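Colleague: Next up, coords00.csv (CSV, C-alpha atoms).
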```
chain,number,residue,atom,x,y,z
A,714,MET,CA,138.2,140.4,17.6
A,715,PHE,CA,140.0,139.2,14.4
A,716,LYS,CA,137.7,136.2,14.0
A,717,SER,CA,134.6,138.5,14.3
A,718,ALA,CA,136.1,141.0,11.8
A,719,ASN,CA,136.8,138.1,9.4
A,720,GLY,CA,133.3,136.7,9.0
A,721,GLY,CA,133.7,134.2,11.8
A,722,VAL,CA,136.8,132.6,10.2
A,723,GLU,CA,140.0,132.5,12.3
A,724,PHE,CA,142.5,135.0,11.0
A,725,PHE,CA,145.3,134.0,13.4
A,726,PRO,CA,145.5,130.4,14.7
A,727,GLU,CA,144.3,130.0,18.2
A,728,ALA,CA,146.2,127.9,20.8
A,729,PRO,CA,145.6,127.2,24.5
A,730,MET,CA,146.7,130.3,26.5
A,731,SER,CA,149.1,130.0,29.4
A,732,PHE,CA,149.5,132.6,32.1
A,733,ARG,CA,151.8,130.5,34.2
A,734,ASP,CA,155.4,130.9,35.3
A,735,ILE,CA,157.4,128.4,33.3
A,736,GLU,CA,159.6,127.6,36.3
A,737,THR,CA,157.0,127.3,39.1
A,738,GLY,CA,153.8,126.5,37.2
A,739,GLU,CA,151.9,129.1,39.2
A,740,LEU,CA,149.7,131.8,37.7
A,741,HIS,CA,151.5,135.1,37.5
A,742,ASP,CA,150.0,137.5,40.0
A,743,TYR,CA,149.8,140.2,37.4
A,744,TRP,CA,147.4,138.2,35.3
A,745,VAL,CA,145.3,137.2,38.3
A,746,ARG,CA,144.9,140.9,39.2
A,747,HIS,CA,144.4,142.0,35.6
A,748,TYR,CA,141.6,139.6,34.8
A,749,ASN,CA,139.9,140.1,38.2
A,750,ASP,CA,140.1,143.9,38.1
A,751,TYR,CA,139.3,144.5,34.4
A,752,PHE,CA,137.0,141.6,33.5
A,753,GLY,CA,135.8,140.3,36.9
A,754,MET,CA,136.7,136.8,36.0
A,755,PRO,CA,139.4,134.2,36.7
A,756,VAL,CA,142.4,133.9,34.4
A,757,PRO,CA,141.4,131.9,31.2
A,758,THR,CA,144.4,129.6,31.3
A,759,GLY,CA,144.1,126.8,28.9
A,760,GLU,CA,141.3,128.5,26.9
A,761,PRO,CA,141.9,129.0,23.1
A,762,GLY,CA,143.3,132.4,22.2
A,763,SER,CA,146.2,134.2,20.6
A,764,ASN,CA,149.1,136.3,21.7
A,765,PRO,CA,151.1,139.2,20.2
A,766,GLY,CA,154.3,137.1,20.0
A,767,ASP,CA,152.7,134.3,18.0
A,768,MET,CA,150.8,136.8,15.8
A,769,SER,CA,154.0,138.7,15.0
A,770,LYS,CA,155.5,135.5,13.5
A,771,ASP,CA,152.4,134.8,11.3
A,772,PRO,CA,153.2,135.0,7.6
A,773,LYS,CA,150.1,137.3,7.1
A,774,ILE,CA,152.0,140.0,9.0
A,775,HIS,CA,154.3,142.2,7.0
A,776,ILE,CA,156.6,144.7,8.7
A,777,TYR,CA,157.0,147.8,6.7
A,778,ASP,CA,159.1,149.9,9.0
A,779,ILE,CA,160.9,149.5,12.3
A,780,VAL,CA,161.3,152.6,14.5
A,781,GLY,CA,164.0,152.3,17.2
A,782,ASP,CA,165.9,149.3,18.4
A,783,ILE,CA,164.2,146.0,19.1
A,784,THR,CA,166.3,143.7,21.4
A,785,GLY,CA,166.8,140.3,19.8
A,786,LEU,CA,165.4,141.2,16.4
A,787,GLN,CA,166.8,139.1,13.6
A,788,PRO,CA,165.6,140.5,10.3
```
If you convert what's in this file into structure tokens, what do you get?

Modeller:
Amino acid sequence: MFKSANGGVEFFPEAPMSFRDIETGELHDYWVRHYNDYFGMPVPTGEPGSNPGDMSKDPKIHIYDIVGDITGLQP
């Protein structure tokens, strides 16, 4: 979405996506159901993509206001 809106140039860096449990290495059932139910496809594990956690740390993002408490926030 961001790449398309940015003339084909990546706006946020992409990295291989992981939908696996870090302890067991198994795909999380939630993601298996989500991708099957909403997209009719297997989980795209290992495919390039981005995630909100990484995007939130990108220097292009500027937080102007915080509403409510955010657990673990270190401003």

Colleague: Using all atoms listed in the file, pick whichever of A:Asp767, A:Glu760, A:Asp750, A:Glu739 has the shortest atom-to-atom distance to A:Pro726.

Modeller: A:Asp767

Colleague: Using only C-alpha atoms, which of A:Val756, A:Ile774, A:Met768, A:Val722 sits nearest A:Leu740?

Modeller: A:Val756

Colleague: Kindly give the distance, in Å, that separates atom CA of A:Glu723 and atom CA of A:Gly762, rounded to a single decimal.

Modeller: 10.4 Å

Colleague: Can you work out which one of A:Gln787, A:Val780, A:His741, A:Ala718 has the shortest atom-to-atom distance to A:Thr758, counting all atoms listed in the file?

Modeller: A:His741

Colleague: For A:Pro772, which residue among A:Gly759, A:Leu786, A:Phe725, A:Arg733 is the nearest when counting all atoms listed in the file?

Modeller: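 The answer is A:Phe725, which sits nearest to A:Pro772.
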
Colleague: Please measure the separation of atom CA of A:Pro729 and atom CA of A:Phe752, giving the value in Å to one decimal.

Modeller: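 For atom CA of A:Pro729 relative to atom CA of A:Phe752, the distance reads 19.0 Å.
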
Colleague: Show which residues sit within 10 Å of A:Tyr743, as a ChimeraX atom specification. Count all atoms listed in the file, and ignore same-chain residues fewer than 5 positions away.

Modeller: /A:732,748-749

Colleague: Any chance you can output those residues with C-alpha atoms as a compact mmCIF listing (two decimals), keeping the file's coordinate frame?

Modeller:
```txt
# COMPACT_ATOMS: atom_id res chain seq x y z
CA PHE A 732 149.50 132.60 32.10
CA TYR A 748 141.60 139.60 34.80
CA ASN A 749 139.90 140.10 38.20
```

Colleague: What is the atom CA of A:Glu736 to atom CA of A:Ile783 distance in Å?

Modeller: 25.6 Å
